[in-house]
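Note sheet for the following structure.
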Amino acid sequence: MSRERTLRQALLDLLERAEPHALPEGQLHIELNGRVRPPAGLAEFDDAVTYLATRRYIALLPDSLDPETPQWLITESGKTLLRK
Amino acid sequence: MRKENANSLYCRLATPENRDCVFEWLYIEGASYREVAERIKERFHIEMDFGSVFRLAKNHGFKWRFEQAKERAEREAASLSKSFDKDRKRALAQREFVAVLEDLSFKEVLLAQRLELDREKLKLQKKLEPRKYELAKRKVDLLEGKLASAKEAATDPALSSEEKQQRMREIFGLA
């Protein structure tokens, strides 16, 4: 599996594990780096999140108490992708 | 999902209660992998090296941390007054989930750095040739400094969760 795919898969797995809750972006990065070697840098992490968000595999939590911090949720499409 | 090796520490701990006990040592008490390996030997009579504890934490620790955070969030939601609307309850439960997860994760970051430090110390003990010895010693000093700064940041009550995360990223070069 390519590095990009490994990162995307790990992100989806983490967000599915967090359900029904969302993960703040910073926390998602920390959790990801606890699972992948070598750790993902900020650019690599951003690329993976952008890829998943633009294809609607993940979505921003709409009613956060703290609108300054983006918090991510897995979508139904994301769950389907995870099982492929 | 990959099948767990029957000789792994996860399988040998056998019950969820035993695993909970080990994860509490790791993520609530903040014991090092080496300390936990010693406690496992004493309490469960299972002899494993600290590498096995590291693998247990890496492969299963996050699931345990997520479950803990979810349980706390559910309890928080259940304890809220009935006058709170559904959205407000959900938002407060979300906040509790994140707070618990962040707290447990800081310890995970510290544990991983402690392992790296232990590895470097081991190299020193193996009497490396002088130049390599110097390099390894410098790395140990650097990591000791990072670890001290990280502990300070993680326990600083004046810092918000975001500021703690930012400090961690700066300290460990993830920024």
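Each chain in the structure tokens gets a letter, A, B and so on, in the order shown; residues start at 1 in every chain, and ligands are counted from 1 in the order they appear.
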
Could you give me, as a VMD selection string, each residue of chain A that DSSP assigns to helix (DSSP H, G or I) when run on this structure's backbone? chain A and resid 3 to 18 25 to 33 42 to 54 76 to 83

Write out as JSON, numbers by chain the residues lying within 9 Å of A:Leu7, counting only C-alpha atoms and excluding same-chain residues fewer than 5 positions away. {"A": [2, 12, 32, 36, 40, 44, 45, 48]}

Output as number ranges by chain the set of chain B residues within 8 Å of chain A, with distances taken over only C-alpha atoms. B: 58-59, 62-63, 66, 70, 87, 91-92, 94-95, 97-98, 102, 105, 108-109, 162, 165, 174-175

All residues 12 Å or closer to B:Arg138, only C-alpha atoms, same chain fewer than 4 positions away omitted, as a list in words: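 Final neighbour list, sorted by chain and number: Leu117, Glu120, Lys121, Leu124, Arg131, Lys132, Tyr133, Glu134, Leu142, Leu143, Glu144 and Gly145 of chain B.
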
Find the residues around A:Arg8 up to 10 Å (only C-alpha atoms counted), leave out those fewer than 2 positions away in its own chain, and share them as a list in words. Arg3, Glu4, Arg5, Thr6, Ala10, Leu11, Leu12, Asp13, Leu14, Leu32, Phe45, Asp47, Ala48, Val49, Tyr51, Leu52, Tyr57 and Leu82 of chain A

Can you tell me, as a PyMOL selection string, what residues are no more than 12 Å from B:Trp25 when counting only C-alpha atoms, ignoring any on the same chain fewer than 4 positions away? chain B and resi 18-21+29-40+53+57+61+104+107-108+111

Could you dump the residues just selected with N, CA and C atoms as a PDB file, in the first residue's frame?
```pdb
ATOM      1  N   ASN B  18      -7.520  -7.517  32.783  1.00  0.00           N
ATOM      2  CA  ASN B  18      -6.051  -7.461  32.873  1.00  0.00           C
ATOM      3  C   ASN B  18      -5.494  -6.387  31.936  1.00  0.00           C
ATOM      4  N   ARG B  19      -6.077  -6.314  30.741  1.00  0.00           N
ATOM      5  CA  ARG B  19      -5.602  -5.307  29.775  1.00  0.00           C
ATOM      6  C   ARG B  19      -5.909  -3.897  30.289  1.00  0.00           C
ATOM      7  N   ASP B  20      -7.102  -3.726  30.870  1.00  0.00           N
ATOM      8  CA  ASP B  20      -7.457  -2.413  31.439  1.00  0.00           C
ATOM      9  C   ASP B  20      -6.421  -1.983  32.475  1.00  0.00           C
ATOM     10  N   CYS B  21      -6.027  -2.943  33.285  1.00  0.00           N
ATOM     11  CA  CYS B  21      -5.066  -2.657  34.346  1.00  0.00           C
ATOM     12  C   CYS B  21      -3.750  -2.147  33.736  1.00  0.00           C
ATOM     13  N   GLU B  29      -1.369   6.419  35.037  1.00  0.00           N
ATOM     14  CA  GLU B  29      -0.216   6.647  35.917  1.00  0.00           C
ATOM     15  C   GLU B  29       0.988   7.190  35.154  1.00  0.00           C
ATOM     16  N   GLY B  30       1.040   6.908  33.844  1.00  0.00           N
ATOM     17  CA  GLY B  30       2.174   7.393  33.044  1.00  0.00           C
ATOM     18  C   GLY B  30       3.455   6.608  33.298  1.00  0.00           C
ATOM     19  N   ALA B  31       3.325   5.313  33.690  1.00  0.00           N
ATOM     20  CA  ALA B  31       4.515   4.477  33.923  1.00  0.00           C
ATOM     21  C   ALA B  31       5.208   4.197  32.587  1.00  0.00           C
ATOM     22  N   SER B  32       6.534   4.040  32.621  1.00  0.00           N
ATOM     23  CA  SER B  32       7.273   3.789  31.379  1.00  0.00           C
ATOM     24  C   SER B  32       7.026   2.350  30.910  1.00  0.00           C
ATOM     25  N   TYR B  33       7.361   2.067  29.638  1.00  0.00           N
ATOM     26  CA  TYR B  33       7.173   0.712  29.114  1.00  0.00           C
ATOM     27  C   TYR B  33       7.961  -0.303  29.947  1.00  0.00           C
ATOM     28  N   ARG B  34       9.150   0.122  30.355  1.00  0.00           N
ATOM     29  CA  ARG B  34       9.995  -0.787  31.143  1.00  0.00           C
ATOM     30  C   ARG B  34       9.350  -1.077  32.506  1.00  0.00           C
ATOM     31  N   GLU B  35       8.856  -0.043  33.154  1.00  0.00           N
ATOM     32  CA  GLU B  35       8.196  -0.230  34.463  1.00  0.00           C
ATOM     33  C   GLU B  35       6.988  -1.143  34.324  1.00  0.00           C
ATOM     34  N   VAL B  36       6.232  -0.913  33.244  1.00  0.00           N
ATOM     35  CA  VAL B  36       5.018  -1.719  33.028  1.00  0.00           C
ATOM     36  C   VAL B  36       5.393  -3.184  32.795  1.00  0.00           C
ATOM     37  N   ALA B  37       6.475  -3.419  32.050  1.00  0.00           N
ATOM     38  CA  ALA B  37       6.913  -4.807  31.821  1.00  0.00           C
ATOM     39  C   ALA B  37       7.229  -5.487  33.158  1.00  0.00           C
ATOM     40  N   GLU B  38       7.849  -4.734  34.055  1.00  0.00           N
ATOM     41  CA  GLU B  38       8.179  -5.295  35.382  1.00  0.00           C
ATOM     42  C   GLU B  38       6.910  -5.580  36.194  1.00  0.00           C
ATOM     43  N   ARG B  39       5.970  -4.632  36.131  1.00  0.00           N
ATOM     44  CA  ARG B  39       4.713  -4.832  36.881  1.00  0.00           C
ATOM     45  C   ARG B  39       3.931  -6.023  36.335  1.00  0.00           C
ATOM     46  N   ILE B  40       3.965  -6.218  35.019  1.00  0.00           N
ATOM     47  CA  ILE B  40       3.240  -7.343  34.402  1.00  0.00           C
ATOM     48  C   ILE B  40       3.837  -8.663  34.903  1.00  0.00           C
ATOM     49  N   VAL B  53       5.507  -4.356  25.417  1.00  0.00           N
ATOM     50  CA  VAL B  53       4.575  -3.368  25.985  1.00  0.00           C
ATOM     51  C   VAL B  53       4.374  -2.247  24.969  1.00  0.00           C
ATOM     52  N   ALA B  57       0.844  -1.118  23.295  1.00  0.00           N
ATOM     53  CA  ALA B  57       0.356   0.268  23.322  1.00  0.00           C
ATOM     54  C   ALA B  57       0.096   0.775  21.910  1.00  0.00           C
ATOM     55  N   GLY B  61      -3.504   0.482  22.300  1.00  0.00           N
ATOM     56  CA  GLY B  61      -3.655   1.585  23.257  1.00  0.00           C
ATOM     57  C   GLY B  61      -4.649   2.623  22.807  1.00  0.00           C
ATOM     58  N   LEU B 104      -5.091  11.742  27.871  1.00  0.00           N
ATOM     59  CA  LEU B 104      -4.494  10.415  27.758  1.00  0.00           C
ATOM     60  C   LEU B 104      -3.429  10.385  26.657  1.00  0.00           C
ATOM     61  N   LYS B 107       0.178  11.596  27.487  1.00  0.00           N
ATOM     62  CA  LYS B 107       1.008  10.574  28.143  1.00  0.00           C
ATOM     63  C   LYS B 107       1.577   9.618  27.105  1.00  0.00           C
ATOM     64  N   GLU B 108       0.797   9.334  26.062  1.00  0.00           N
ATOM     65  CA  GLU B 108       1.255   8.454  24.981  1.00  0.00           C
ATOM     66  C   GLU B 108       2.476   9.075  24.279  1.00  0.00           C
ATOM     67  N   LEU B 111       5.405   8.756  26.536  1.00  0.00           N
ATOM     68  CA  LEU B 111       5.892   7.370  26.588  1.00  0.00           C
ATOM     69  C   LEU B 111       6.740   7.034  25.369  1.00  0.00           C
TER      70      LEU B 111
END
```

From B:Ala136, B:Ala99, B:Ala69, B:Leu80, residue lying nearest B:Ser160 [only C-alpha atoms]: B:Ala99

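Selecting strand (DSSP E or B) from the backbone DSSP output for chain A yields Leu23, Pro24, Ile58, Ala59, Leu60, Gln71, Trp72, Leu73 and Ile74 of chain A.
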
So that I have them on file, write out the residues from the current selection with C-alpha atoms, as a short mmCIF file (atom, residue, chain, number, x, y, z; two decimals), in the first residue's frame.
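Dumped everything to part31.cif:
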```cif
data_model
loop_
_atom_site.label_atom_id
_atom_site.label_comp_id
_atom_site.auth_asym_id
_atom_site.auth_seq_id
_atom_site.Cartn_x
_atom_site.Cartn_y
_atom_site.Cartn_z
CA LEU A 23 -11.61 14.68 16.47
CA PRO A 24 -9.98 18.13 16.52
CA ILE A 58 -14.77 13.22 6.13
CA ALA A 59 -16.67 16.36 7.16
CA LEU A 60 -16.31 19.22 9.60
CA GLN A 71 -13.10 19.05 14.22
CA TRP A 72 -13.48 16.16 11.79
CA LEU A 73 -16.10 13.41 11.52
CA ILE A 74 -16.18 10.37 9.24
#
```

Separation of atom CA of A:Arg37 from atom CA of B:Leu101, in Å and rounded to one decimal: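 That distance, rounded to one decimal, is 21.3 Å.
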
Distance in Å - atom CA of A:Glu25 versus atom CA of A:Pro70: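 If I compute the distance from atom CA of A:Glu25 to atom CA of A:Pro70, I get 5.8 Å.
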
Residue among A:Glu68, A:Glu76, A:Pro38, A:Leu15 lying closest to A:Arg55, counting only C-alpha atoms: A:Glu76
